[in-house]
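Next comes my_file.txt, a file with compact mmCIF, C-alpha atoms.
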# COMPACT_ATOMS: atom_id res chain seq x y z
CA MET A 1 -1.90 -46.08 -51.29
CA ALA A 2 -1.46 -43.67 -54.15
CA THR A 3 -4.31 -45.29 -56.10
CA ASP A 4 -6.55 -44.88 -53.06
CA THR A 5 -5.99 -41.22 -52.29
CA GLU A 6 -5.54 -39.76 -55.77
CA PRO A 7 -9.18 -39.58 -56.89
CA ASP A 8 -10.26 -38.37 -53.45
CA ALA A 9 -7.56 -35.70 -53.26
CA ALA A 10 -8.17 -34.48 -56.78
CA ALA A 11 -11.89 -33.87 -56.42
CA PRO A 12 -11.87 -31.41 -53.52
CA THR A 13 -8.90 -29.48 -54.96
CA THR A 14 -10.73 -28.83 -58.23
CA ALA A 15 -13.87 -27.87 -56.39
CA SER A 16 -12.10 -25.41 -54.11
CA ASP A 17 -10.27 -23.88 -57.09
CA ALA A 18 -13.49 -23.27 -58.94
CA THR A 19 -15.27 -21.72 -55.99
CA GLY A 20 -12.49 -20.51 -53.73
CA GLY A 21 -11.27 -17.74 -55.99
CA ASP A 22 -7.58 -17.99 -55.11
CA GLY A 23 -6.38 -20.05 -58.08
CA PRO A 24 -4.48 -18.47 -60.96
CA ASP A 25 -7.45 -18.76 -63.35
CA SER A 26 -9.75 -16.66 -61.20
CA ASP A 27 -7.09 -13.96 -60.71
CA PRO A 28 -8.93 -10.62 -60.59
CA GLY A 29 -6.11 -9.08 -62.69
CA ARG A 30 -6.98 -11.11 -65.79
CA VAL A 31 -5.84 -9.39 -69.01
CA THR A 32 -8.74 -7.96 -70.97
CA PHE A 33 -8.99 -6.86 -74.59
CA GLY A 34 -11.81 -4.37 -74.83
CA TRP A 35 -13.05 -0.92 -75.65
CA ASP A 36 -11.75 0.45 -72.36
CA GLY A 37 -8.10 -0.35 -73.11
CA LEU A 38 -8.44 0.62 -76.75
CA ARG A 39 -9.79 4.04 -75.80
CA ALA A 40 -7.19 4.59 -73.07
CA GLY A 41 -4.36 3.74 -75.46
CA PHE A 42 -5.75 5.97 -78.19
CA LEU A 43 -6.10 8.99 -75.90
CA ALA A 44 -2.74 8.47 -74.19
CA CYS A 45 -0.98 8.30 -77.54
CA LEU A 46 -2.71 11.19 -79.29
CA PRO A 47 -0.29 13.94 -78.13
CA VAL A 48 2.66 11.70 -78.99
CA ALA A 49 1.10 10.92 -82.37
CA VAL A 50 0.83 14.62 -83.19
CA GLY A 51 4.56 14.94 -82.47
CA VAL A 52 5.29 11.96 -84.71
CA GLY A 53 3.36 13.88 -87.37
CA GLY A 54 6.46 16.09 -87.65
CA TYR A 55 8.39 13.13 -89.02
CA GLY A 56 5.41 12.25 -91.18
CA VAL A 57 5.42 15.65 -92.84
CA ALA A 58 9.18 15.40 -93.35
CA PHE A 59 8.79 11.92 -94.81
CA GLY A 60 6.09 13.16 -97.20
CA VAL A 61 8.27 16.03 -98.42
CA LEU A 62 11.24 13.68 -98.92
CA ALA A 63 9.13 11.04 -100.66
CA ASN A 64 7.86 13.71 -103.02
CA GLN A 65 11.40 14.94 -103.77
CA ALA A 66 12.47 11.33 -104.38
CA GLY A 67 9.77 11.04 -107.06
CA LEU A 68 7.09 9.04 -105.26
CA SER A 69 3.50 9.97 -106.04
CA LEU A 70 1.03 10.89 -103.33
CA ALA A 71 -0.58 7.47 -103.65
CA GLU A 72 2.77 5.66 -103.40
CA ALA A 73 3.92 7.62 -100.34
CA ALA A 74 0.55 7.14 -98.65
CA LEU A 75 0.56 3.43 -99.47
CA MET A 76 4.01 3.07 -97.89
CA SER A 77 2.89 4.85 -94.71
CA MET A 78 -0.28 2.76 -94.52
CA THR A 79 1.40 -0.62 -95.00
CA VAL A 80 5.04 -0.35 -93.85
CA PHE A 81 4.22 2.02 -90.96
CA ALA A 82 7.76 2.23 -89.56
CA GLY A 83 9.09 5.78 -89.70
CA ALA A 84 12.87 5.51 -89.62
CA SER A 85 12.93 2.67 -92.16
CA GLN A 86 10.66 4.59 -94.53
CA ILE A 87 12.82 7.71 -94.34
CA ILE A 88 15.93 5.62 -94.99
CA ALA A 89 14.21 3.87 -97.92
CA VAL A 90 13.44 7.26 -99.47
CA GLU A 91 17.09 8.22 -98.97
CA LEU A 92 18.05 5.09 -100.93
CA TRP A 93 15.48 5.80 -103.68
CA ALA A 94 17.19 6.07 -107.08
CA ASP A 95 16.72 5.11 -110.69
CA PRO A 96 16.97 2.13 -111.14
CA LEU A 97 15.57 1.22 -107.73
CA PRO A 98 18.16 -0.55 -105.51
CA ILE A 99 15.52 -3.07 -104.41
CA ALA A 100 17.79 -5.45 -102.49
CA ALA A 101 19.48 -2.63 -100.54
CA ILE A 102 16.12 -1.05 -99.69
CA VAL A 103 14.54 -4.28 -98.46
CA ALA A 104 17.66 -5.41 -96.56
CA THR A 105 18.02 -2.02 -94.85
CA THR A 106 14.31 -1.94 -93.97
CA PHE A 107 14.63 -5.31 -92.29
CA ALA A 108 17.81 -4.31 -90.45
CA VAL A 109 16.21 -1.13 -89.10
CA ASN A 110 13.03 -2.93 -88.02
CA VAL A 111 14.37 -6.20 -86.63
CA ARG A 112 14.40 -4.59 -83.18
CA TYR A 113 10.59 -4.85 -83.18
CA ALA A 114 10.93 -8.61 -82.70
CA LEU A 115 12.44 -8.05 -79.27
CA MET A 116 10.11 -5.18 -78.43
CA GLY A 117 7.07 -7.33 -79.20
CA ALA A 118 8.46 -10.16 -77.12
CA ALA A 119 8.75 -7.79 -74.16
CA LEU A 120 4.93 -7.54 -74.09
CA GLN A 121 4.59 -11.30 -73.66
CA SER A 122 2.94 -11.02 -70.24
CA TRP A 123 -0.10 -9.46 -71.94
CA PHE A 124 0.04 -11.55 -75.09
CA ARG A 125 -0.07 -14.93 -73.45
CA HIS A 126 -3.64 -14.13 -72.34
CA LEU A 127 -4.79 -12.86 -75.75
CA SER A 128 -5.96 -14.58 -78.92
CA PRO A 129 -3.70 -14.73 -82.02
CA GLY A 130 -5.94 -12.22 -83.81
CA GLU A 131 -5.64 -9.75 -80.95
CA ILE A 132 -1.88 -10.25 -80.73
CA TYR A 133 -1.13 -9.88 -84.43
CA SER A 134 -3.39 -6.88 -85.01
CA SER A 135 -1.65 -5.15 -82.09
CA LEU A 136 1.85 -6.05 -83.28
CA VAL A 137 1.31 -4.85 -86.85
CA LEU A 138 0.45 -1.38 -85.47
CA MET A 139 3.39 -1.38 -83.05
CA ALA A 140 5.90 1.47 -83.38
CA ASP A 141 8.54 2.84 -81.00
CA GLU A 142 6.28 5.45 -79.46
CA ASN A 143 3.24 3.31 -78.66
CA TRP A 144 5.47 0.44 -77.57
CA ALA A 145 7.12 2.73 -75.02
CA LEU A 146 3.72 3.94 -73.77
CA SER A 147 2.47 0.35 -73.57
CA MET A 148 5.52 -0.76 -71.61
CA GLN A 149 4.78 2.02 -69.07
CA GLU A 150 1.16 0.86 -68.95
CA LEU A 151 2.23 -2.77 -68.52
CA ALA A 152 4.75 -1.85 -65.82
CA SER A 153 2.07 0.05 -63.89
CA GLY A 154 0.19 -3.24 -63.50
CA SER A 155 -2.52 -2.48 -66.05
CA ARG A 156 -4.31 -5.50 -67.51
CA ARG A 157 -5.83 -3.62 -70.44
CA GLY A 158 -4.39 -5.65 -73.30
CA ALA A 159 -5.92 -3.50 -76.04
CA PHE A 160 -3.82 -0.49 -74.97
CA LEU A 161 -1.13 -1.24 -77.59
CA LEU A 162 -3.67 -1.49 -80.40
CA GLY A 163 -5.52 1.69 -79.35
CA SER A 164 -2.30 3.70 -79.19
CA GLY A 165 -1.19 2.17 -82.50
CA ILE A 166 -4.39 3.35 -84.20
CA ALA A 167 -3.75 6.93 -83.01
CA LEU A 168 -0.20 6.79 -84.39
CA TRP A 169 -1.25 5.20 -87.67
CA LEU A 170 -3.89 7.86 -88.37
CA CYS A 171 -1.45 10.73 -87.68
CA TRP A 172 1.34 9.05 -89.65
CA VAL A 173 -0.75 8.57 -92.79
CA ALA A 174 -2.38 12.02 -92.58
CA SER A 175 0.94 13.81 -92.03
CA THR A 176 2.52 11.88 -94.93
CA VAL A 177 -0.20 13.19 -97.25
CA LEU A 178 0.34 16.73 -95.89
CA GLY A 179 4.09 16.43 -96.48
CA VAL A 180 3.70 15.23 -100.07
CA LEU A 181 1.36 18.13 -100.83
CA ALA A 182 3.79 20.58 -99.18
CA GLY A 183 6.68 19.10 -101.15
CA GLU A 184 4.67 19.43 -104.34
CA SER A 185 4.40 23.20 -103.89
CA VAL A 186 8.06 23.75 -102.97
CA GLY A 187 9.64 23.45 -106.42
CA ASP A 188 13.44 23.65 -106.53
CA PRO A 189 14.56 21.92 -103.33
CA ALA A 190 18.01 23.47 -102.81
CA ARG A 191 16.72 27.06 -102.96
CA TYR A 192 14.63 26.63 -99.81
CA GLY A 193 16.95 24.26 -98.03
CA VAL A 194 14.60 21.33 -98.58
CA ASP A 195 17.54 19.17 -99.66
CA PHE A 196 18.78 19.55 -96.08
CA ILE A 197 15.59 18.19 -94.45
CA LEU A 198 16.81 14.63 -94.82
CA ALA A 199 20.07 15.28 -92.99
CA ALA A 200 18.14 17.26 -90.36
CA VAL A 201 15.67 14.39 -89.86
CA PHE A 202 18.55 11.99 -89.36
CA VAL A 203 20.25 14.27 -86.83
CA ALA A 204 16.94 14.46 -84.94
CA LEU A 205 16.52 10.67 -85.12
CA ALA A 206 20.06 10.22 -83.81
CA VAL A 207 19.30 12.47 -80.82
CA GLU A 208 16.26 10.31 -80.03
CA LEU A 209 18.15 7.04 -80.46
CA TRP A 210 21.12 8.17 -78.35
CA ASP A 211 21.16 5.91 -75.31
CA GLY A 212 23.99 7.33 -73.23
CA ARG A 213 27.71 6.73 -73.48
CA SER A 214 27.32 3.02 -74.27
CA THR A 215 26.05 4.14 -77.69
CA LEU A 216 29.30 5.93 -78.52
CA ALA A 217 31.49 2.97 -79.51
CA PRO A 218 29.02 1.29 -81.92
CA TRP A 219 28.17 4.65 -83.47
CA LEU A 220 31.83 5.48 -84.07
CA VAL A 221 32.22 2.09 -85.76
CA ALA A 222 29.14 2.79 -87.91
CA LEU A 223 30.51 6.23 -88.80
CA ALA A 224 33.97 4.99 -89.77
CA THR A 225 32.64 2.00 -91.71
CA SER A 226 30.07 4.00 -93.66
CA VAL A 227 32.41 6.86 -94.59
CA LEU A 228 35.05 4.36 -95.74
CA ALA A 229 32.55 2.14 -97.56
CA ALA A 230 30.96 5.12 -99.30
CA THR A 231 34.30 5.97 -100.92
CA VAL A 232 35.19 2.45 -102.09
CA LEU A 233 31.81 0.76 -102.81
CA PRO A 234 29.21 1.60 -105.44
CA GLY A 235 25.59 2.37 -104.61
CA GLN A 236 24.45 2.76 -101.03
CA TRP A 237 25.59 -0.46 -99.45
CA TYR A 238 27.50 1.65 -96.95
CA ILE A 239 24.24 2.07 -95.02
CA PRO A 240 23.47 -1.56 -94.14
CA LEU A 241 27.23 -2.22 -93.88
CA GLY A 242 27.72 0.55 -91.31
CA GLY A 243 24.83 -0.75 -89.24
CA PHE A 244 25.96 -4.35 -89.49
CA ALA A 245 29.56 -3.53 -88.49
CA ALA A 246 28.29 -1.70 -85.39
CA ALA A 247 26.05 -4.61 -84.40
CA VAL A 248 28.91 -7.09 -84.81
CA VAL A 249 31.26 -4.95 -82.71
CA GLU A 250 28.56 -4.62 -80.03
CA VAL A 251 28.00 -8.39 -79.95
CA VAL A 252 31.76 -9.00 -79.64
CA ARG A 253 32.46 -6.40 -76.96
CA HIS A 254 29.31 -7.07 -74.91
CA ASP A 255 30.30 -8.47 -71.54
CA GLY A 256 27.58 -10.58 -70.13
CA MET B 1 -1.89 16.96 -110.08
CA ALA B 2 -3.22 14.13 -112.25
CA ASP B 3 -0.26 11.90 -111.38
CA VAL B 4 -0.76 12.03 -107.61
CA LEU B 5 -2.71 8.78 -107.81
CA SER B 6 -0.23 6.98 -110.06
CA LEU B 7 1.09 3.68 -108.74
CA ASP B 8 4.19 2.37 -110.51
CA PRO B 9 3.95 -1.46 -110.33
CA LEU B 10 7.65 -1.76 -109.42
CA VAL B 11 7.28 0.81 -106.63
CA VAL B 12 4.26 -1.08 -105.28
CA VAL B 13 6.28 -4.32 -105.30
CA VAL B 14 9.12 -2.63 -103.37
CA ILE B 15 6.63 -1.19 -100.85
CA LEU B 16 5.01 -4.61 -100.39
CA ALA B 17 8.43 -6.24 -99.90
CA MET B 18 9.25 -3.59 -97.27
CA THR B 19 5.88 -4.32 -95.64
CA VAL B 20 6.55 -8.06 -95.55
CA VAL B 21 9.97 -7.77 -93.87
CA THR B 22 8.59 -5.19 -91.42
CA VAL B 23 5.63 -7.38 -90.45
CA VAL B 24 7.97 -10.37 -90.09
CA ALA B 25 10.10 -8.27 -87.71
CA LYS B 26 7.08 -7.04 -85.74
CA VAL B 27 5.35 -10.38 -85.22
CA GLY B 28 8.58 -12.40 -85.23
CA GLY B 29 9.24 -11.73 -81.55
CA ILE B 30 6.44 -14.00 -80.40
CA TRP B 31 7.83 -16.79 -82.56
CA LEU B 32 11.33 -15.94 -81.38
CA VAL B 33 10.67 -16.21 -77.64
CA ARG B 34 9.09 -19.63 -78.18
CA HIS B 35 11.75 -21.12 -80.42
CA VAL B 36 15.06 -19.31 -79.99
CA GLU B 37 17.10 -18.36 -76.97
CA VAL B 38 17.98 -14.70 -77.57
CA SER B 39 21.14 -14.07 -75.60
CA ASP B 40 21.80 -10.68 -73.98
CA ARG B 41 24.78 -10.45 -76.31
CA LEU B 42 22.67 -10.80 -79.45
CA GLN B 43 20.04 -8.46 -78.06
CA ALA B 44 22.71 -5.81 -77.43
CA GLY B 45 23.80 -6.12 -81.06
CA LEU B 46 20.25 -5.80 -82.39
CA ASP B 47 19.55 -2.84 -80.10
CA VAL B 48 22.29 -0.69 -81.62
CA LEU B 49 21.23 -1.37 -85.24
CA PRO B 50 18.72 1.47 -85.82
CA GLY B 51 20.97 4.16 -84.34
CA ALA B 52 24.01 2.80 -86.15
CA ILE B 53 22.16 2.83 -89.48
CA VAL B 54 21.05 6.42 -88.90
CA ILE B 55 24.70 7.32 -88.27
CA ALA B 56 25.76 5.36 -91.35
CA VAL B 57 23.35 7.46 -93.44
CA LEU B 58 24.52 10.72 -91.86
CA GLY B 59 28.28 10.12 -91.96
CA PRO B 60 28.92 10.17 -95.73
CA GLU B 61 26.17 12.75 -96.25
CA LEU B 62 27.76 15.26 -93.89
CA ALA B 63 31.25 14.33 -95.07
CA SER B 64 30.29 15.42 -98.57
CA GLY B 65 28.74 18.67 -97.30
CA GLY B 66 30.43 21.90 -96.31
CA PRO B 67 30.49 24.39 -93.40
CA ALA B 68 26.87 25.43 -94.06
CA GLU B 69 25.60 21.86 -93.68
CA TRP B 70 27.82 21.13 -90.68
CA GLY B 71 26.74 24.28 -88.89
CA ALA B 72 23.06 23.63 -89.59
CA ALA B 73 23.42 20.00 -88.44
CA ALA B 74 24.98 21.20 -85.18
CA LEU B 75 22.04 23.58 -84.67
CA VAL B 76 19.49 20.80 -85.32
CA LEU B 77 21.34 18.66 -82.78
CA ALA B 78 21.27 21.42 -80.16
CA VAL B 79 17.60 22.32 -80.70
CA MET B 80 16.49 18.68 -80.72
CA TRP B 81 18.54 17.96 -77.61
CA ARG B 82 17.06 20.85 -75.66
CA THR B 83 13.46 20.94 -76.89
CA GLU B 84 12.81 17.40 -78.22
CA SER B 85 10.59 19.07 -80.80
CA ILE B 86 11.12 17.64 -84.26
CA ILE B 87 9.23 20.47 -86.00
CA LEU B 88 11.28 23.15 -84.26
CA ALA B 89 14.51 21.28 -85.01
CA LEU B 90 13.70 20.84 -88.71
CA VAL B 91 12.62 24.45 -89.21
CA THR B 92 15.79 25.64 -87.47
CA GLY B 93 17.90 23.37 -89.67
CA VAL B 94 16.34 24.51 -92.93
CA VAL B 95 16.48 28.21 -92.03
CA ALA B 96 20.08 27.79 -90.84
CA VAL B 97 21.27 26.00 -93.95
CA VAL B 98 19.71 28.59 -96.26
CA SER B 99 21.27 31.47 -94.28
CA LEU B 100 24.65 29.79 -93.94
CA ARG B 101 24.78 29.00 -97.66
CA THR B 102 24.61 32.71 -98.41
CA LEU B 103 27.72 33.16 -96.24
CA PHE B 104 29.87 30.26 -97.44
Whole structure given in structure tokens:
Amino acid sequence: MATDTEPDAAAPTTASDATGGDGPDSDPGRVTFGWDGLRAGFLACLPVAVGVGGYGVAFGVLANQAGLSLAEAALMSMTVFAGASQIIAVELWADPLPIAAIVATTFAVNVRYALMGAALQSWFRHLSPGEIYSSLVLMADENWALSMQELASGSRRGAFLLGSGIALWLCWVASTVLGVLAGESVGDPARYGVDFILAAVFVALAVELWDGRSTLAPWLVALATSVLAATVLPGQWYIPLGGFAAAVVEVVRHDG
Amino acid sequence: MADVLSLDPLVVVVILAMTVVTVVAKVGGIWLVRHVEVSDRLQAGLDVLPGAIVIAVLGPELASGGPAEWGAAALVLAVMWRTESIILALVTGVVAVVSLRTLF
């Protein structure tokens, strides 16, 4: 019986799918990757990107004070393109360079991007690897947040993330250059309070990363661990250690 | 200004290493969702990392400062909280620390 009906049943189903228009493949909401989405993302992100330029200028000034050349600071902004981790790397900058601490801290600060990228899976599964990876490399917190709003609104414009990333990247690199040039003309940092910019940037970052009262416990752990570690350990291992201790405590106390 | 274009080979290597781990983190999510079950518990731990590291940088830095730095940090916090403007917050902080240092 099964051998009789199978070929007959299969043929009409395929035909109706191809012409009927109600199958998943002919869904009118198919994800696109085109100029339209690229442009929309770029324009939506431009005001945000100008705001991010504030951090870029601060990063440039700090990179200059840490002894990086204009070319080195610009290269870092062009290739690493992850604000908080770059600012922390410049904080760690010393002679000799603590390479392992810098690279480990950079990874720890940026590992969240793995989960953020995964959250855009409903667009990505329709896109080619080239489209996915070019978008992900230009992903930062700000354009990810905008793209999640776009995704949640039912948009199928898959190039939105890339377009918004391009806007951010341009502002980030340009503002870094501006900051280095500004830092160059400042001279003695302490006299104009420039040595305080770093602490101020971190306070501002903390305000942005504050996620309500659930953030309090891990942050207190990070605070206690880092202050203690800074007094007993050499170098700047207190930074990754403070972060790691907070993550461990959060994993342990999480009730799910 | 001749040295603005200088690229120390070691610095370039460090920047490239930072780039590699950052790109791994950014594209790693697609690999992750296909191969690893990320529990809510682990995700919660990863989510607090950036903020915790920012606090870990700030803690010892402010602990080694004085009233001028603490006061200026409090002002940056207040301005950032109310206005969400990084430029305004930074300018306030720098002006505040310079003024407060003349007092303390």
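Look at B:Ser6: the protein and nucleic acid residues within 12 Å of it, using only C-alpha atoms and passing over chain neighbours fewer than 3 places away, are Gly67, Leu68, Ser69, Leu70, Ala71, Glu72, Ala73, Ala74 and Leu75 of chain A; Met1, Ala2, Asp3, Pro9, Leu10, Val11 and Val12 of chain B.
Here the question is which of B:Val57, B:Val36, B:Val13, B:Phe104 gets nearest to chain A using only C-alpha atoms, and that residue is B:Val57.
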Interface, chain A side, toward chain B (7 Å; only C-alpha atoms) as a PDB file with C-alpha atoms, keeping the file's coordinate frame:
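File iface.pdb, as written:
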ATOM      1  CA  GLY A  54       6.460  16.090 -87.650  1.00  0.00           C
ATOM      2  CA  SER A  69       3.500   9.970-106.040  1.00  0.00           C
ATOM      3  CA  LEU A  70       1.030  10.890-103.330  1.00  0.00           C
ATOM      4  CA  ALA A  71      -0.580   7.470-103.650  1.00  0.00           C
ATOM      5  CA  GLU A  72       2.770   5.660-103.400  1.00  0.00           C
ATOM      6  CA  MET A  76       4.010   3.070 -97.890  1.00  0.00           C
ATOM      7  CA  THR A  79       1.400  -0.620 -95.000  1.00  0.00           C
ATOM      8  CA  VAL A  80       5.040  -0.350 -93.850  1.00  0.00           C
ATOM      9  CA  ILE A  99      15.520  -3.070-104.410  1.00  0.00           C
ATOM     10  CA  VAL A 103      14.540  -4.280 -98.460  1.00  0.00           C
ATOM     11  CA  THR A 106      14.310  -1.940 -93.970  1.00  0.00           C
ATOM     12  CA  PHE A 107      14.630  -5.310 -92.290  1.00  0.00           C
ATOM     13  CA  ALA A 108      17.810  -4.310 -90.450  1.00  0.00           C
ATOM     14  CA  VAL A 109      16.210  -1.130 -89.100  1.00  0.00           C
ATOM     15  CA  ASN A 110      13.030  -2.930 -88.020  1.00  0.00           C
ATOM     16  CA  VAL A 111      14.370  -6.200 -86.630  1.00  0.00           C
ATOM     17  CA  ARG A 112      14.400  -4.590 -83.180  1.00  0.00           C
ATOM     18  CA  TYR A 113      10.590  -4.850 -83.180  1.00  0.00           C
ATOM     19  CA  ALA A 114      10.930  -8.610 -82.700  1.00  0.00           C
ATOM     20  CA  LEU A 115      12.440  -8.050 -79.270  1.00  0.00           C
ATOM     21  CA  GLY A 117       7.070  -7.330 -79.200  1.00  0.00           C
ATOM     22  CA  ALA A 118       8.460 -10.160 -77.120  1.00  0.00           C
ATOM     23  CA  TYR A 133      -1.130  -9.880 -84.430  1.00  0.00           C
ATOM     24  CA  LEU A 136       1.850  -6.050 -83.280  1.00  0.00           C
ATOM     25  CA  VAL A 137       1.310  -4.850 -86.850  1.00  0.00           C
ATOM     26  CA  TYR A 192      14.630  26.630 -99.810  1.00  0.00           C
ATOM     27  CA  GLY A 193      16.950  24.260 -98.030  1.00  0.00           C
ATOM     28  CA  VAL A 194      14.600  21.330 -98.580  1.00  0.00           C
ATOM     29  CA  PHE A 196      18.780  19.550 -96.080  1.00  0.00           C
ATOM     30  CA  ILE A 197      15.590  18.190 -94.450  1.00  0.00           C
ATOM     31  CA  ALA A 199      20.070  15.280 -92.990  1.00  0.00           C
ATOM     32  CA  ALA A 200      18.140  17.260 -90.360  1.00  0.00           C
ATOM     33  CA  VAL A 201      15.670  14.390 -89.860  1.00  0.00           C
ATOM     34  CA  PHE A 202      18.550  11.990 -89.360  1.00  0.00           C
ATOM     35  CA  VAL A 203      20.250  14.270 -86.830  1.00  0.00           C
ATOM     36  CA  ALA A 204      16.940  14.460 -84.940  1.00  0.00           C
ATOM     37  CA  ALA A 206      20.060  10.220 -83.810  1.00  0.00           C
ATOM     38  CA  VAL A 207      19.300  12.470 -80.820  1.00  0.00           C
ATOM     39  CA  LEU A 209      18.150   7.040 -80.460  1.00  0.00           C
ATOM     40  CA  PRO A 218      29.020   1.290 -81.920  1.00  0.00           C
ATOM     41  CA  TRP A 219      28.170   4.650 -83.470  1.00  0.00           C
ATOM     42  CA  ALA A 222      29.140   2.790 -87.910  1.00  0.00           C
ATOM     43  CA  LEU A 223      30.510   6.230 -88.800  1.00  0.00           C
ATOM     44  CA  SER A 226      30.070   4.000 -93.660  1.00  0.00           C
ATOM     45  CA  VAL A 227      32.410   6.860 -94.590  1.00  0.00           C
ATOM     46  CA  ALA A 230      30.960   5.120 -99.300  1.00  0.00           C
ATOM     47  CA  TYR A 238      27.500   1.650 -96.950  1.00  0.00           C
ATOM     48  CA  ILE A 239      24.240   2.070 -95.020  1.00  0.00           C
ATOM     49  CA  PRO A 240      23.470  -1.560 -94.140  1.00  0.00           C
ATOM     50  CA  GLY A 242      27.720   0.550 -91.310  1.00  0.00           C
ATOM     51  CA  GLY A 243      24.830  -0.750 -89.240  1.00  0.00           C
ATOM     52  CA  ALA A 246      28.290  -1.700 -85.390  1.00  0.00           C
ATOM     53  CA  ALA A 247      26.050  -4.610 -84.400  1.00  0.00           C
ATOM     54  CA  VAL A 248      28.910  -7.090 -84.810  1.00  0.00           C
ATOM     55  CA  GLU A 250      28.560  -4.620 -80.030  1.00  0.00           C
ATOM     56  CA  VAL A 251      28.000  -8.390 -79.950  1.00  0.00           C
ATOM     57  CA  HIS A 254      29.310  -7.070 -74.910  1.00  0.00           C
ATOM     58  CA  GLY A 256      27.580 -10.580 -70.130  1.00  0.00           C
TER      59      GLY A 256
END
Enclose stretch 72-84 of chain B, meaning all of its atoms listed in the file, in a box aligned along x, y and z, pad it by 4 Å on each side, and list the centre and edge lengths in Å to one decimal, as AutoDock Vina command-line options.
--center_x 18.9 --center_y 20.5 --center_z -82.6 --size_x 20.2 --size_y 14.2 --size_z 21.9
Separation of atom CA of A:Ile88 from atom CA of A:Asn64, in Å and rounded to one decimal: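 The value is 14.0 Å.
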Would you mind completing stretch 121-125 of chain A to all heavy atoms and writing the output as an mmCIF file, in the coordinates of the input?
data_model
loop_
_atom_site.group_PDB
_atom_site.id
_atom_site.type_symbol
_atom_site.label_atom_id
_atom_site.label_comp_id
_atom_site.auth_asym_id
_atom_site.auth_seq_id
_atom_site.Cartn_x
_atom_site.Cartn_y
_atom_site.Cartn_z
ATOM 1 N N GLN A 121 5.085 -9.926 -73.768
ATOM 2 C CA GLN A 121 4.590 -11.300 -73.660
ATOM 3 C C GLN A 121 3.623 -11.509 -72.498
ATOM 4 O O GLN A 121 2.693 -12.310 -72.592
ATOM 5 C CB GLN A 121 5.804 -12.240 -73.552
ATOM 6 C CG GLN A 121 5.490 -13.708 -73.427
ATOM 7 C CD GLN A 121 4.877 -14.266 -74.701
ATOM 8 O OE1 GLN A 121 4.668 -13.575 -75.687
ATOM 9 N NE2 GLN A 121 4.567 -15.548 -74.674
ATOM 10 N N SER A 122 3.790 -10.758 -71.400
ATOM 11 C CA SER A 122 2.940 -11.020 -70.240
ATOM 12 C C SER A 122 1.493 -10.608 -70.504
ATOM 13 O O SER A 122 0.582 -11.061 -69.817
ATOM 14 C CB SER A 122 3.491 -10.355 -68.981
ATOM 15 O OG SER A 122 3.413 -8.959 -69.094
ATOM 16 N N TRP A 123 1.268 -9.721 -71.476
ATOM 17 C CA TRP A 123 -0.100 -9.460 -71.940
ATOM 18 C C TRP A 123 -0.515 -10.507 -72.968
ATOM 19 O O TRP A 123 -1.598 -11.058 -72.905
ATOM 20 C CB TRP A 123 -0.200 -8.073 -72.602
ATOM 21 C CG TRP A 123 -0.438 -6.946 -71.658
ATOM 22 C CD1 TRP A 123 -0.738 -7.030 -70.331
ATOM 23 C CD2 TRP A 123 -0.392 -5.550 -71.970
ATOM 24 N NE1 TRP A 123 -0.878 -5.773 -69.803
ATOM 25 C CE2 TRP A 123 -0.686 -4.855 -70.783
ATOM 26 C CE3 TRP A 123 -0.140 -4.838 -73.138
ATOM 27 C CZ2 TRP A 123 -0.721 -3.463 -70.731
ATOM 28 C CZ3 TRP A 123 -0.189 -3.454 -73.087
ATOM 29 C CH2 TRP A 123 -0.466 -2.770 -71.888
ATOM 30 N N PHE A 124 0.391 -10.739 -73.915
ATOM 31 C CA PHE A 124 0.040 -11.550 -75.090
ATOM 32 C C PHE A 124 -0.345 -12.980 -74.749
ATOM 33 O O PHE A 124 -1.136 -13.584 -75.463
ATOM 34 C CB PHE A 124 1.187 -11.542 -76.097
ATOM 35 C CG PHE A 124 1.355 -10.229 -76.799
ATOM 36 C CD1 PHE A 124 2.563 -9.865 -77.355
ATOM 37 C CD2 PHE A 124 0.282 -9.357 -76.920
ATOM 38 C CE1 PHE A 124 2.723 -8.656 -78.013
ATOM 39 C CE2 PHE A 124 0.425 -8.134 -77.572
ATOM 40 C CZ PHE A 124 1.644 -7.785 -78.118
ATOM 41 N N ARG A 125 0.231 -13.525 -73.689
ATOM 42 C CA ARG A 125 -0.070 -14.930 -73.450
ATOM 43 C C ARG A 125 -1.520 -15.121 -73.001
ATOM 44 O O ARG A 125 -2.011 -16.241 -72.970
ATOM 45 C CB ARG A 125 0.929 -15.552 -72.475
ATOM 46 C CG ARG A 125 0.768 -15.120 -71.056
ATOM 47 C CD ARG A 125 1.589 -16.002 -70.118
ATOM 48 N NE ARG A 125 2.287 -15.169 -69.146
ATOM 49 C CZ ARG A 125 3.589 -14.991 -69.132
ATOM 50 N NH1 ARG A 125 4.364 -15.589 -69.996
ATOM 51 N NH2 ARG A 125 4.140 -14.191 -68.246
#
